[in-house]
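Text of protein_13.pdb (PDB, C-alpha atoms, pLDDT in the B column) as supplied:
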```
MODEL        1
ATOM      1  CA  MET F 743     107.222 100.490 103.098  1.00 35.00           C
ATOM      2  CA  PRO F 744     109.153 101.783 106.141  1.00 37.00           C
ATOM      3  CA  SER F 745     111.192  98.583 106.402  1.00 37.00           C
ATOM      4  CA  ALA F 746     112.503  99.212 102.883  1.00 37.00           C
ATOM      5  CA  PHE F 747     113.487 102.754 103.854  1.00 36.00           C
ATOM      6  CA  PHE F 748     115.240 101.354 106.879  1.00 34.00           C
ATOM      7  CA  LEU F 749     117.325  98.976 104.771  1.00 33.00           C
ATOM      8  CA  LEU F 750     118.193 101.733 102.304  1.00 36.00           C
ATOM      9  CA  PHE F 751     119.449 104.088 104.992  1.00 36.00           C
ATOM     10  CA  LEU F 752     120.890 101.574 107.465  1.00 35.00           C
ATOM     11  CA  PHE F 753     124.469 102.439 106.584  1.00 34.00           C
ATOM     12  CA  MET F 754     124.152 106.231 106.759  1.00 40.00           C
ATOM     13  CA  PRO F 755     127.236 107.731 108.432  1.00 42.00           C
ATOM     14  CA  SER F 756     126.863 108.530 112.127  1.00 41.00           C
ATOM     15  CA  SER F 757     129.484 109.241 114.741  1.00 39.00           C
ATOM     16  CA  ILE F 758     127.192 109.952 117.722  1.00 42.00           C
ATOM     17  CA  SER F 759     125.971 107.247 120.116  1.00 41.00           C
ATOM     18  CA  THR F 760     122.257 106.457 119.720  1.00 55.00           C
ATOM     19  CA  GLN F 761     122.121 103.628 122.247  1.00 54.00           C
ATOM     20  CA  ASN F 762     119.050 104.880 124.115  1.00 73.00           C
ATOM     21  CA  GLU F 763     116.788 105.838 121.196  1.00 87.00           C
ATOM     22  CA  SER F 764     113.781 103.717 120.267  1.00 93.00           C
ATOM     23  CA  SER F 765     113.508 101.787 117.023  1.00 95.00           C
ATOM     24  CA  LEU F 766     110.621 104.088 116.029  1.00 96.00           C
ATOM     25  CA  HIS F 767     112.769 107.197 116.517  1.00 96.00           C
ATOM     26  CA  ARG F 768     115.660 105.670 114.575  1.00 96.00           C
ATOM     27  CA  GLU F 769     113.541 104.571 111.603  1.00 97.00           C
ATOM     28  CA  LEU F 770     111.721 107.911 111.306  1.00 97.00           C
ATOM     29  CA  LYS F 771     115.047 109.715 111.530  1.00 96.00           C
ATOM     30  CA  LEU F 772     116.380 107.637 108.635  1.00 96.00           C
ATOM     31  CA  ILE F 773     113.246 108.056 106.531  1.00 96.00           C
ATOM     32  CA  TYR F 774     113.010 111.837 106.888  1.00 97.00           C
ATOM     33  CA  THR F 775     116.742 112.438 106.557  1.00 96.00           C
ATOM     34  CA  GLY F 776     116.549 110.632 103.230  1.00 94.00           C
ATOM     35  CA  ARG F 777     119.094 109.714 100.566  1.00 92.00           C
ATOM     36  CA  GLY F 778     122.131 111.951 100.518  1.00 94.00           C
ATOM     37  CA  GLY F 779     121.525 113.069 104.103  1.00 95.00           C
ATOM     38  CA  GLN F 780     123.425 112.335 107.292  1.00 96.00           C
ATOM     39  CA  THR F 781     122.213 111.361 110.751  1.00 95.00           C
ATOM     40  CA  GLU F 782     123.451 112.532 114.168  1.00 95.00           C
ATOM     41  CA  VAL F 783     125.128 115.718 112.983  1.00 96.00           C
ATOM     42  CA  GLU F 784     126.784 118.299 115.232  1.00 95.00           C
ATOM     43  CA  THR F 785     125.773 121.821 114.218  1.00 92.00           C
ATOM     44  CA  ALA F 786     125.663 125.186 115.994  1.00 92.00           C
ATOM     45  CA  GLY F 787     126.546 123.536 119.288  1.00 94.00           C
ATOM     46  CA  PHE F 788     123.756 120.964 119.054  1.00 96.00           C
ATOM     47  CA  VAL F 789     123.473 117.364 117.890  1.00 96.00           C
ATOM     48  CA  VAL F 790     120.543 117.053 115.463  1.00 97.00           C
ATOM     49  CA  ASP F 791     118.858 113.826 114.415  1.00 97.00           C
ATOM     50  CA  GLY F 792     119.713 114.463 110.785  1.00 97.00           C
ATOM     51  CA  VAL F 793     120.460 116.890 107.979  1.00 97.00           C
ATOM     52  CA  ASN F 794     118.818 116.072 104.650  1.00 96.00           C
ATOM     53  CA  ALA F 795     120.270 116.533 101.167  1.00 96.00           C
ATOM     54  CA  ASP F 796     118.823 120.068 101.009  1.00 95.00           C
ATOM     55  CA  GLY F 797     120.593 121.073 104.217  1.00 95.00           C
ATOM     56  CA  ALA F 798     117.488 121.157 106.432  1.00 96.00           C
ATOM     57  CA  CYS F 799     117.847 119.935 110.011  1.00 97.00           C
ATOM     58  CA  ILE F 800     115.592 117.016 110.963  1.00 98.00           C
ATOM     59  CA  GLU F 801     114.431 116.534 114.548  1.00 98.00           C
ATOM     60  CA  VAL F 802     112.136 113.647 115.526  1.00 97.00           C
ATOM     61  CA  GLN F 803     110.252 114.519 118.706  1.00 97.00           C
ATOM     62  CA  GLY F 804     107.573 112.347 120.273  1.00 93.00           C
ATOM     63  CA  ARG F 805     107.330 114.281 123.545  1.00 88.00           C
ATOM     64  CA  ASN F 806     106.431 117.887 124.327  1.00 93.00           C
ATOM     65  CA  PHE F 807     107.926 120.736 122.303  1.00 97.00           C
ATOM     66  CA  GLY F 808     108.686 123.056 125.219  1.00 95.00           C
ATOM     67  CA  GLY F 809     111.753 123.926 127.254  1.00 95.00           C
ATOM     68  CA  ALA F 810     115.177 123.083 125.859  1.00 95.00           C
ATOM     69  CA  PHE F 811     113.732 121.549 122.691  1.00 97.00           C
ATOM     70  CA  MET F 812     111.970 124.779 121.707  1.00 96.00           C
ATOM     71  CA  GLY F 813     115.147 126.742 122.376  1.00 96.00           C
ATOM     72  CA  LYS F 814     117.168 124.324 120.274  1.00 97.00           C
ATOM     73  CA  VAL F 815     114.964 124.337 117.172  1.00 97.00           C
ATOM     74  CA  ALA F 816     114.416 128.119 117.308  1.00 96.00           C
ATOM     75  CA  LYS F 817     118.183 128.686 117.281  1.00 96.00           C
ATOM     76  CA  LEU F 818     118.677 126.177 114.478  1.00 97.00           C
ATOM     77  CA  ALA F 819     115.884 127.787 112.427  1.00 96.00           C
ATOM     78  CA  ALA F 820     117.710 131.121 112.640  1.00 95.00           C
ATOM     79  CA  LEU F 821     120.520 129.461 110.659  1.00 95.00           C
ATOM     80  CA  GLY F 822     118.494 127.411 108.166  1.00 95.00           C
ATOM     81  CA  ASN F 823     115.361 125.309 107.646  1.00 96.00           C
ATOM     82  CA  VAL F 824     114.227 122.895 110.362  1.00 98.00           C
ATOM     83  CA  LYS F 825     111.694 120.064 110.122  1.00 98.00           C
ATOM     84  CA  VAL F 826     110.248 118.736 113.389  1.00 98.00           C
ATOM     85  CA  VAL F 827     108.803 115.251 112.828  1.00 98.00           C
ATOM     86  CA  TYR F 828     106.063 114.300 115.290  1.00 98.00           C
ATOM     87  CA  PRO F 829     104.836 110.671 115.161  1.00 98.00           C
ATOM     88  CA  VAL F 830     101.057 110.376 115.432  1.00 97.00           C
ATOM     89  CA  ILE F 831     100.243 106.803 116.401  1.00 97.00           C
ATOM     90  CA  ILE F 832      97.197 105.742 114.426  1.00 97.00           C
ATOM     91  CA  ALA F 833      97.321 102.120 115.610  1.00 96.00           C
ATOM     92  CA  LYS F 834      99.417 100.548 118.373  1.00 96.00           C
ATOM     93  CA  TYR F 835      99.959  96.838 118.933  1.00 96.00           C
ATOM     94  CA  LEU F 836     101.032  95.761 122.417  1.00 94.00           C
ATOM     95  CA  GLU F 837     103.478  92.836 122.489  1.00 92.00           C
ATOM     96  CA  VAL F 838     103.995  91.547 126.035  1.00 90.00           C
ATOM     97  CA  PHE F 839     106.938  89.279 126.926  1.00 89.00           C
ATOM     98  CA  ASP F 840     108.156  87.602 130.096  1.00 86.00           C
ATOM     99  CA  GLU F 841     111.689  88.214 131.382  1.00 84.00           C
ATOM    100  CA  GLU F 842     113.006  85.206 129.430  1.00 82.00           C
ATOM    101  CA  GLY F 843     111.840  86.744 126.147  1.00 83.00           C
ATOM    102  CA  THR F 844     108.819  84.534 125.518  1.00 84.00           C
ATOM    103  CA  GLN F 845     105.882  86.434 124.024  1.00 87.00           C
ATOM    104  CA  GLN F 846     102.791  86.040 126.190  1.00 86.00           C
ATOM    105  CA  TYR F 847     100.303  87.837 123.999  1.00 85.00           C
ATOM    106  CA  ARG F 848      99.816  90.506 121.345  1.00 92.00           C
ATOM    107  CA  ARG F 849      96.796  92.776 121.120  1.00 92.00           C
ATOM    108  CA  LYS F 850      95.742  96.029 119.492  1.00 94.00           C
ATOM    109  CA  SER F 851      95.378  99.076 121.747  1.00 91.00           C
ATOM    110  CA  GLY F 852      91.927 100.642 121.801  1.00 88.00           C
ATOM    111  CA  ARG F 853      93.252 104.205 121.371  1.00 89.00           C
ATOM    112  CA  ARG F 854      93.488 105.574 117.836  1.00 92.00           C
ATOM    113  CA  GLY F 855      95.498 108.737 117.253  1.00 94.00           C
ATOM    114  CA  SER F 856      94.744 111.596 114.874  1.00 96.00           C
ATOM    115  CA  VAL F 857      96.354 114.780 113.555  1.00 97.00           C
ATOM    116  CA  TRP F 858      94.746 116.621 116.482  1.00 98.00           C
ATOM    117  CA  ASP F 859      97.299 114.916 118.759  1.00 98.00           C
ATOM    118  CA  VAL F 860      99.889 117.517 117.722  1.00 98.00           C
ATOM    119  CA  PHE F 861      98.298 119.911 120.212  1.00 98.00           C
ATOM    120  CA  PHE F 862      99.448 117.742 123.132  1.00 97.00           C
ATOM    121  CA  PRO F 863     103.128 118.724 122.608  1.00 97.00           C
ATOM    122  CA  LEU F 864     102.296 122.175 121.186  1.00 98.00           C
ATOM    123  CA  ILE F 865     100.615 123.242 124.425  1.00 97.00           C
ATOM    124  CA  TYR F 866     104.156 123.508 125.865  1.00 97.00           C
ATOM    125  CA  ALA F 867     105.425 125.669 122.975  1.00 97.00           C
ATOM    126  CA  PRO F 868     102.318 127.260 121.441  1.00 96.00           C
ATOM    127  CA  GLU F 869     104.210 129.781 119.311  1.00 96.00           C
ATOM    128  CA  MET F 870     106.591 127.272 117.718  1.00 97.00           C
ATOM    129  CA  PRO F 871     104.694 127.392 114.376  1.00 97.00           C
ATOM    130  CA  LEU F 872     105.473 131.130 114.185  1.00 96.00           C
ATOM    131  CA  VAL F 873     109.236 130.535 114.012  1.00 97.00           C
ATOM    132  CA  PRO F 874     110.449 131.380 110.460  1.00 96.00           C
ATOM    133  CA  GLY F 875     112.052 128.451 108.673  1.00 96.00           C
ATOM    134  CA  LEU F 876     110.509 125.831 110.964  1.00 97.00           C
ATOM    135  CA  GLU F 877     107.871 123.340 109.898  1.00 97.00           C
ATOM    136  CA  ILE F 878     106.131 120.489 111.718  1.00 98.00           C
ATOM    137  CA  GLU F 879     105.638 117.193 109.909  1.00 98.00           C
ATOM    138  CA  LEU F 880     103.024 114.808 111.300  1.00 98.00           C
ATOM    139  CA  ALA F 881     104.021 111.211 110.571  1.00 98.00           C
ATOM    140  CA  LEU F 882     100.890 109.048 110.774  1.00 98.00           C
ATOM    141  CA  VAL F 883     102.163 105.639 111.826  1.00 98.00           C
ATOM    142  CA  ASP F 884     101.316 102.191 113.151  1.00 97.00           C
ATOM    143  CA  VAL F 885     103.689 100.889 115.812  1.00 97.00           C
ATOM    144  CA  ALA F 886     104.407  97.781 117.867  1.00 96.00           C
ATOM    145  CA  GLU F 887     105.216  98.427 121.518  1.00 92.00           C
ATOM    146  CA  ARG F 888     107.375  95.801 123.225  1.00 92.00           C
ATOM    147  CA  ARG F 889     106.568  95.355 126.917  1.00 90.00           C
ATOM    148  CA  VAL F 890     108.237  93.106 129.499  1.00 89.00           C
ATOM    149  CA  ARG F 891     106.768  91.755 132.743  1.00 83.00           C
ATOM    150  CA  ASP F 892     109.794  92.581 134.892  1.00 81.00           C
ATOM    151  CA  GLY F 893     108.132  94.293 137.870  1.00 77.00           C
ATOM    152  CA  LYS F 894     109.999  97.530 137.142  1.00 77.00           C
ATOM    153  CA  GLY F 895     107.385  99.414 135.152  1.00 71.00           C
ATOM    154  CA  SER F 896     104.642 101.854 136.132  1.00 77.00           C
ATOM    155  CA  TRP F 897     102.068 100.803 138.699  1.00 73.00           C
ATOM    156  CA  ARG F 898      99.448 101.749 136.116  1.00 76.00           C
ATOM    157  CA  ARG F 899     100.799  98.897 133.952  1.00 76.00           C
ATOM    158  CA  ARG F 900     101.158  96.642 137.036  1.00 74.00           C
ATOM    159  CA  GLY F 901     104.947  96.712 136.851  1.00 78.00           C
ATOM    160  CA  VAL F 902     105.201  96.004 133.128  1.00 83.00           C
ATOM    161  CA  SER F 903     108.052  97.960 131.467  1.00 86.00           C
ATOM    162  CA  ILE F 904     107.991  99.491 127.992  1.00 86.00           C
ATOM    163  CA  ARG F 905     111.225  98.427 126.286  1.00 87.00           C
ATOM    164  CA  ASP F 906     110.835  99.654 122.713  1.00 92.00           C
ATOM    165  CA  ARG F 907     108.562 100.912 119.973  1.00 94.00           C
ATOM    166  CA  LYS F 908     109.087  99.914 116.370  1.00 95.00           C
ATOM    167  CA  LEU F 909     107.569 101.196 113.150  1.00 97.00           C
ATOM    168  CA  LEU F 910     105.079  98.923 111.382  1.00 97.00           C
ATOM    169  CA  ALA F 911     103.670 101.321 108.770  1.00 97.00           C
ATOM    170  CA  LEU F 912     103.948 104.944 107.709  1.00 97.00           C
ATOM    171  CA  HIS F 913     100.564 105.872 106.244  1.00 96.00           C
ATOM    172  CA  GLU F 914     101.169 109.497 105.263  1.00 96.00           C
ATOM    173  CA  SER F 915     102.747 112.771 106.312  1.00 96.00           C
ATOM    174  CA  VAL F 916     100.914 116.027 107.004  1.00 97.00           C
ATOM    175  CA  THR F 917     103.058 119.159 106.729  1.00 97.00           C
ATOM    176  CA  LEU F 918     102.341 122.316 108.714  1.00 98.00           C
ATOM    177  CA  LYS F 919     104.668 124.972 107.292  1.00 95.00           C
ATOM    178  CA  ARG F 920     103.108 128.247 108.398  1.00 93.00           C
ATOM    179  CA  PRO F 921     100.492 129.523 110.839  1.00 93.00           C
ATOM    180  CA  ALA F 922      97.804 129.688 108.149  1.00 93.00           C
ATOM    181  CA  ASP F 923      98.086 125.894 107.754  1.00 96.00           C
ATOM    182  CA  TYR F 924      96.460 125.585 111.195  1.00 97.00           C
ATOM    183  CA  LEU F 925      93.190 126.930 109.811  1.00 95.00           C
ATOM    184  CA  ARG F 926      92.425 123.280 108.987  1.00 96.00           C
ATOM    185  CA  PHE F 927      91.770 122.805 112.715  1.00 97.00           C
ATOM    186  CA  VAL F 928      88.901 125.323 112.798  1.00 96.00           C
ATOM    187  CA  PRO F 929      85.848 123.680 111.170  1.00 95.00           C
ATOM    188  CA  PHE F 930      83.636 126.773 111.575  1.00 95.00           C
ATOM    189  CA  ALA F 931      82.655 129.702 109.371  1.00 92.00           C
ATOM    190  CA  LYS F 932      84.323 133.068 110.005  1.00 88.00           C
ATOM    191  CA  ASN F 933      81.466 134.784 111.794  1.00 88.00           C
ATOM    192  CA  LEU F 934      80.367 131.752 113.810  1.00 95.00           C
ATOM    193  CA  GLU F 935      81.170 131.722 117.531  1.00 96.00           C
ATOM    194  CA  PHE F 936      82.011 128.413 119.208  1.00 97.00           C
ATOM    195  CA  THR F 937      83.319 126.847 122.425  1.00 97.00           C
ATOM    196  CA  SER F 938      85.686 123.981 123.180  1.00 97.00           C
ATOM    197  CA  GLY F 939      82.610 121.779 123.495  1.00 97.00           C
ATOM    198  CA  ASP F 940      81.494 122.723 120.003  1.00 97.00           C
ATOM    199  CA  LEU F 941      84.961 121.990 118.602  1.00 98.00           C
ATOM    200  CA  ALA F 942      85.121 118.652 120.411  1.00 98.00           C
ATOM    201  CA  ALA F 943      81.762 117.607 118.968  1.00 97.00           C
ATOM    202  CA  GLN F 944      82.636 118.769 115.443  1.00 96.00           C
ATOM    203  CA  ALA F 945      86.115 117.209 115.384  1.00 97.00           C
ATOM    204  CA  GLY F 946      85.295 114.038 117.323  1.00 96.00           C
ATOM    205  CA  ILE F 947      87.896 114.702 120.024  1.00 97.00           C
ATOM    206  CA  ARG F 948      87.793 115.059 123.804  1.00 97.00           C
ATOM    207  CA  VAL F 949      86.938 118.439 125.307  1.00 97.00           C
ATOM    208  CA  GLU F 950      90.316 118.477 127.077  1.00 97.00           C
ATOM    209  CA  LEU F 951      92.119 118.243 123.735  1.00 98.00           C
ATOM    210  CA  ALA F 952      89.771 120.847 122.218  1.00 98.00           C
ATOM    211  CA  ARG F 953      90.745 123.278 125.010  1.00 98.00           C
ATOM    212  CA  LYS F 954      94.446 122.722 124.312  1.00 98.00           C
ATOM    213  CA  THR F 955      93.811 123.202 120.597  1.00 98.00           C
ATOM    214  CA  LEU F 956      92.027 126.511 121.076  1.00 98.00           C
ATOM    215  CA  TYR F 957      94.679 127.779 123.479  1.00 98.00           C
ATOM    216  CA  VAL F 958      97.376 127.122 120.873  1.00 97.00           C
ATOM    217  CA  LEU F 959      95.294 128.551 118.013  1.00 97.00           C
ATOM    218  CA  ALA F 960      94.683 131.707 120.026  1.00 96.00           C
ATOM    219  CA  ARG F 961      98.417 132.108 120.654  1.00 96.00           C
ATOM    220  CA  LEU F 962      98.978 131.691 116.902  1.00 95.00           C
ATOM    221  CA  GLY F 963      96.442 134.401 116.088  1.00 94.00           C
ATOM    222  CA  ILE F 964      94.123 131.950 114.314  1.00 96.00           C
ATOM    223  CA  VAL F 965      91.176 132.432 116.696  1.00 96.00           C
ATOM    224  CA  GLU F 966      90.265 135.064 119.263  1.00 95.00           C
ATOM    225  CA  LYS F 967      88.205 135.044 122.458  1.00 96.00           C
ATOM    226  CA  THR F 968      84.897 136.892 122.373  1.00 95.00           C
ATOM    227  CA  GLY F 969      83.465 136.112 125.810  1.00 96.00           C
ATOM    228  CA  ARG F 970      82.074 133.258 127.873  1.00 95.00           C
ATOM    229  CA  LYS F 971      79.196 130.842 127.618  1.00 92.00           C
ATOM    230  CA  GLY F 972      78.645 129.374 131.072  1.00 91.00           C
ATOM    231  CA  ASN F 973      82.061 128.202 132.253  1.00 91.00           C
ATOM    232  CA  ARG F 974      83.514 127.920 128.740  1.00 94.00           C
ATOM    233  CA  LEU F 975      85.324 130.515 126.677  1.00 96.00           C
ATOM    234  CA  VAL F 976      83.772 131.534 123.366  1.00 97.00           C
ATOM    235  CA  TYR F 977      85.949 131.896 120.263  1.00 97.00           C
ATOM    236  CA  ARG F 978      85.710 132.891 116.634  1.00 96.00           C
ATOM    237  CA  LEU F 979      88.097 133.028 113.690  1.00 95.00           C
ATOM    238  CA  ARG F 980      90.190 136.177 113.556  1.00 91.00           C
ATOM    239  CA  VAL F 981      89.721 138.335 110.454  1.00 77.00           C
ATOM    240  CA  SER F 982      93.466 138.240 109.784  1.00 75.00           C
ATOM    241  CA  SER F 983      93.995 134.605 110.758  1.00 66.00           C
ATOM    242  CA  GLY F 984      97.443 133.164 110.134  1.00 65.00           C
ATOM    243  CA  THR F 985      99.327 136.483 109.837  1.00 68.00           C
ATOM    244  CA  LYS F 986     100.842 136.720 113.332  1.00 72.00           C
ATOM    245  CA  LYS F 987     104.654 137.003 113.368  1.00 74.00           C
ATOM    246  CA  TRP F 988     107.243 135.374 115.619  1.00 69.00           C
ATOM    247  CA  LYS F 989     108.715 137.567 118.318  1.00 72.00           C
ATOM    248  CA  LYS F 990     112.149 136.332 119.287  1.00 71.00           C
ATOM    249  CA  PRO F 991     112.465 136.219 123.097  1.00 65.00           C
ATOM    250  CA  PRO F 992     115.013 138.591 124.635  1.00 58.00           C
ATOM    251  CA  LYS F 993     118.410 137.197 125.589  1.00 60.00           C
ATOM    252  CA  GLN F 994     118.728 136.206 129.238  1.00 49.00           C
TER     253      GLN F 994
ENDMDL
END
```

Can you dump the structure from the file as structure tokens?
Amino acid sequence: MPSAFFLLFLFMPSSISTQNESSLHRELKLIYTGRGGQTEVETAGFVVDGVNADGACIEVQGRNFGGAFMGKVAKLAALGNVKVVYPVIIAKYLEVFDEEGTQQYRRKSGRRGSVWDVFFPLIYAPEMPLVPGLEIELALVDVAERRVRDGKGSWRRRGVSIRDRKLLALHESVTLKRPADYLRFVPFAKNLEFTSGDLAAQAGIRVELARKTLYVLARLGIVEKTGRKGNRLVYRLRVSSGTKKWKKPPKQ
């Protein structure tokens, strides 16, 4: 269980302050760094979440993959293997407290995550899977989210602040090592044309997420556009799916 992992790795050496990281981030970092690894390591001008016993850099990232993060992992991958761990929240339990620390209630959120959620952060760095030496690990987890009624949070939550997320269970990991691994996200035969609506219906996801998925898959060379059907783009599997190579961006 994750709590056992946490106890095993609690005393891993670390010299970098981690005051602002969530409990979920910390526990996943410890789990994926593993025995014989080290957390919060300075390398190549960056601080990475961990380096495992095989020398691979571990980065836990629950937000988008674009911008500075993409630049960081691409540079690290040029020096050695990099594993980006993305937590997919399968079940979330909301624990709401008052400002004195008394729990008011606990309930399960209605949203259930899936492996398709990886396309939310990938939309900001759609060619990340093409980077040699970089793999994305989907950690399918249950979490508890601690919230406090302090009047300082989002208006959408009526002023309730999110204070922390902690790991309750790690169900499994799904590894995406190379572009061809993303073929699992195209549930259609090679010669069959389809739209984002078709993908949404087949996969049981929202059309918005299906559009993001197809945009990323097109950038990876997994699918290609063939035309339009009404106001939706039409796609099909490319003959040479999964063979596109990473083109390193020019230096600024």

Pick from F:Gly855, F:Gly813, F:Pro868, F:Ser903 nearest to Glu841 (chain F), counting all atoms listed in the file: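 Answer, going by the shortest atom-to-atom distance: F:Ser903.
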
Residues matched by the PyMOL selection byres ((chain F and resi 768) around 10) as a list in words: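 In the shown coordinates, the PyMOL selection byres ((chain F and resi 768) around 10) covers Phe748, Leu752, Thr760, Glu763, Ser764, Ser765, Leu766, His767, Glu769, Leu770, Lys771, Leu772, Ile773, Thr781, Asp791, Val802, Lys908 and Leu909 of chain F.
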
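Using all atoms listed in the file, the contacts of Leu836 (chain F) at a cut-off of 12 Å, with sequence neighbours closer than 2 positions omitted, comprise Ala833, Lys834, Val838, Phe839, Gln845, Gln846, Tyr847, Arg848, Arg849, Lys850, Ser851, Gly852, Arg853, Asp884, Val885, Ala886, Glu887, Arg888, Arg889, Val890, Arg899, Val902, Ser903, Ile904, Arg905, Asp906, Arg907 and Lys908 of chain F.
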
Long-range neighbours of His913 (chain F) as a PyMOL selection string, 9 Å cut-off, only C-alpha atoms, 5 positions minimum in chain: chain F and resi 832+881-884

Selected residues written out, C-alpha atoms, as a PDB file, in the frame of the given file:
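Contents of again.pdb, freshly written:
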```
ATOM      1  CA  ILE F 832      97.197 105.742 114.426  1.00 97.00           C
ATOM      2  CA  ALA F 881     104.021 111.211 110.571  1.00 98.00           C
ATOM      3  CA  LEU F 882     100.890 109.048 110.774  1.00 98.00           C
ATOM      4  CA  VAL F 883     102.163 105.639 111.826  1.00 98.00           C
ATOM      5  CA  ASP F 884     101.316 102.191 113.151  1.00 97.00           C
TER       6      ASP F 884
END
```

Neighbours of point (100.4, 115.6, 112.5) within 12 Å, using all atoms listed in the file, written as a PyMOL selection string: chain F and resi 803-804+826-832+855-864+877-883+913-919+923-924+926-927

Only C-alpha atoms, please: the residues just picked out, written as a CSV table (one decimal), in the coordinates of the input.
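Contents of the output file again.csv:
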```
chain,number,residue,atom,x,y,z
F,803,GLN,CA,110.3,114.5,118.7
F,804,GLY,CA,107.6,112.3,120.3
F,826,VAL,CA,110.2,118.7,113.4
F,827,VAL,CA,108.8,115.3,112.8
F,828,TYR,CA,106.1,114.3,115.3
F,829,PRO,CA,104.8,110.7,115.2
F,830,VAL,CA,101.1,110.4,115.4
F,831,ILE,CA,100.2,106.8,116.4
F,832,ILE,CA,97.2,105.7,114.4
F,855,GLY,CA,95.5,108.7,117.3
F,856,SER,CA,94.7,111.6,114.9
F,857,VAL,CA,96.4,114.8,113.6
F,858,TRP,CA,94.7,116.6,116.5
F,859,ASP,CA,97.3,114.9,118.8
F,860,VAL,CA,99.9,117.5,117.7
F,861,PHE,CA,98.3,119.9,120.2
F,862,PHE,CA,99.4,117.7,123.1
F,863,PRO,CA,103.1,118.7,122.6
F,864,LEU,CA,102.3,122.2,121.2
F,877,GLU,CA,107.9,123.3,109.9
F,878,ILE,CA,106.1,120.5,111.7
F,879,GLU,CA,105.6,117.2,109.9
F,880,LEU,CA,103.0,114.8,111.3
F,881,ALA,CA,104.0,111.2,110.6
F,882,LEU,CA,100.9,109.0,110.8
F,883,VAL,CA,102.2,105.6,111.8
F,913,HIS,CA,100.6,105.9,106.2
F,914,GLU,CA,101.2,109.5,105.3
F,915,SER,CA,102.7,112.8,106.3
F,916,VAL,CA,100.9,116.0,107.0
F,917,THR,CA,103.1,119.2,106.7
F,918,LEU,CA,102.3,122.3,108.7
F,919,LYS,CA,104.7,125.0,107.3
F,923,ASP,CA,98.1,125.9,107.8
F,924,TYR,CA,96.5,125.6,111.2
F,926,ARG,CA,92.4,123.3,109.0
F,927,PHE,CA,91.8,122.8,112.7
```

Distance query Thr937 (chain F) at most 6 Å, all atoms listed in the file, self and fewer than 2 positions along chain excluded, as an MDAnalysis selection string: chainID F and resid 939:940 975:976

Distance in Å - CA of Lys967 (chain F) versus CA of Glu935 (chain F):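 Computing it gives 9.2 Å between the two atoms.
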
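Take CA of Lys825 (chain F) and CA of Leu951 (chain F): the distance between them is 23.9 Å.
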
Nearby residues (only C-alpha atoms) at most 8 Å from region 957-965 of chain F, same-chain spacing under 6 positions excluded, as a short mmCIF file (atom, residue, chain, number, x, y, z; two decimals) with C-alpha atoms, in the frame of the given file:
```cif
data_model
loop_
_atom_site.label_atom_id
_atom_site.label_comp_id
_atom_site.auth_asym_id
_atom_site.auth_seq_id
_atom_site.Cartn_x
_atom_site.Cartn_y
_atom_site.Cartn_z
CA PHE F 861 98.30 119.91 120.21
CA LEU F 864 102.30 122.18 121.19
CA ILE F 865 100.62 123.24 124.42
CA PRO F 868 102.32 127.26 121.44
CA GLU F 869 104.21 129.78 119.31
CA PRO F 871 104.69 127.39 114.38
CA LEU F 872 105.47 131.13 114.18
CA PRO F 921 100.49 129.52 110.84
CA ALA F 922 97.80 129.69 108.15
CA TYR F 924 96.46 125.58 111.20
CA LEU F 925 93.19 126.93 109.81
CA TYR F 977 85.95 131.90 120.26
CA ARG F 978 85.71 132.89 116.63
CA LEU F 979 88.10 133.03 113.69
CA ARG F 980 90.19 136.18 113.56
CA SER F 982 93.47 138.24 109.78
CA SER F 983 94.00 134.60 110.76
CA GLY F 984 97.44 133.16 110.13
CA THR F 985 99.33 136.48 109.84
CA LYS F 986 100.84 136.72 113.33
#
```

Straight-line distance linking CA of Ala945 (chain F) with CA of Arg898 (chain F), stated in Å to one decimal: 29.1 Å

Neighbour residues at most 6 Å from (85.6, 126.9, 115.6) (all atoms listed in the file) as a list in words: Val928, Pro929, Phe930, Phe936 and Leu941 of chain F

Keeping only C-alpha atoms, write the selected residues as an mmCIF file, keeping the file's coordinate frame.
```cif
data_model
loop_
_atom_site.group_PDB
_atom_site.id
_atom_site.type_symbol
_atom_site.label_atom_id
_atom_site.label_comp_id
_atom_site.auth_asym_id
_atom_site.auth_seq_id
_atom_site.Cartn_x
_atom_site.Cartn_y
_atom_site.Cartn_z
ATOM 1 C CA VAL F 928 88.901 125.323 112.798
ATOM 2 C CA PRO F 929 85.848 123.680 111.170
ATOM 3 C CA PHE F 930 83.636 126.773 111.575
ATOM 4 C CA PHE F 936 82.011 128.413 119.208
ATOM 5 C CA LEU F 941 84.961 121.990 118.602
#
```

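Put simply, the PyMOL selection byres ((chain F and resi 822) around 10) in this file takes in Gly797, Ala798, Cys799, Lys817, Leu818, Ala819, Ala820, Leu821, Asn823, Val824, Pro874, Gly875 and Leu876 of chain F.
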
Written selection (C-alpha atoms) as a short mmCIF file (atom, residue, chain, number, x, y, z; two decimals), keeping the file's coordinate frame:
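See result34.cif below for the written result:
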```cif
data_model
loop_
_atom_site.label_atom_id
_atom_site.label_comp_id
_atom_site.auth_asym_id
_atom_site.auth_seq_id
_atom_site.Cartn_x
_atom_site.Cartn_y
_atom_site.Cartn_z
CA GLY F 797 120.59 121.07 104.22
CA ALA F 798 117.49 121.16 106.43
CA CYS F 799 117.85 119.94 110.01
CA LYS F 817 118.18 128.69 117.28
CA LEU F 818 118.68 126.18 114.48
CA ALA F 819 115.88 127.79 112.43
CA ALA F 820 117.71 131.12 112.64
CA LEU F 821 120.52 129.46 110.66
CA ASN F 823 115.36 125.31 107.65
CA VAL F 824 114.23 122.90 110.36
CA PRO F 874 110.45 131.38 110.46
CA GLY F 875 112.05 128.45 108.67
CA LEU F 876 110.51 125.83 110.96
#
```

Please give the centre and size of the box around region 790-803 of chain F (axis-aligned, containing every atom listed in the file, 5 Å added per side), with values in Å to one decimal and written as AutoDock Vina command-line options.
```
--center_x 115.4 --center_y 117.4 --center_z 109.9 --size_x 20.3 --size_y 17.5 --size_z 27.7
```
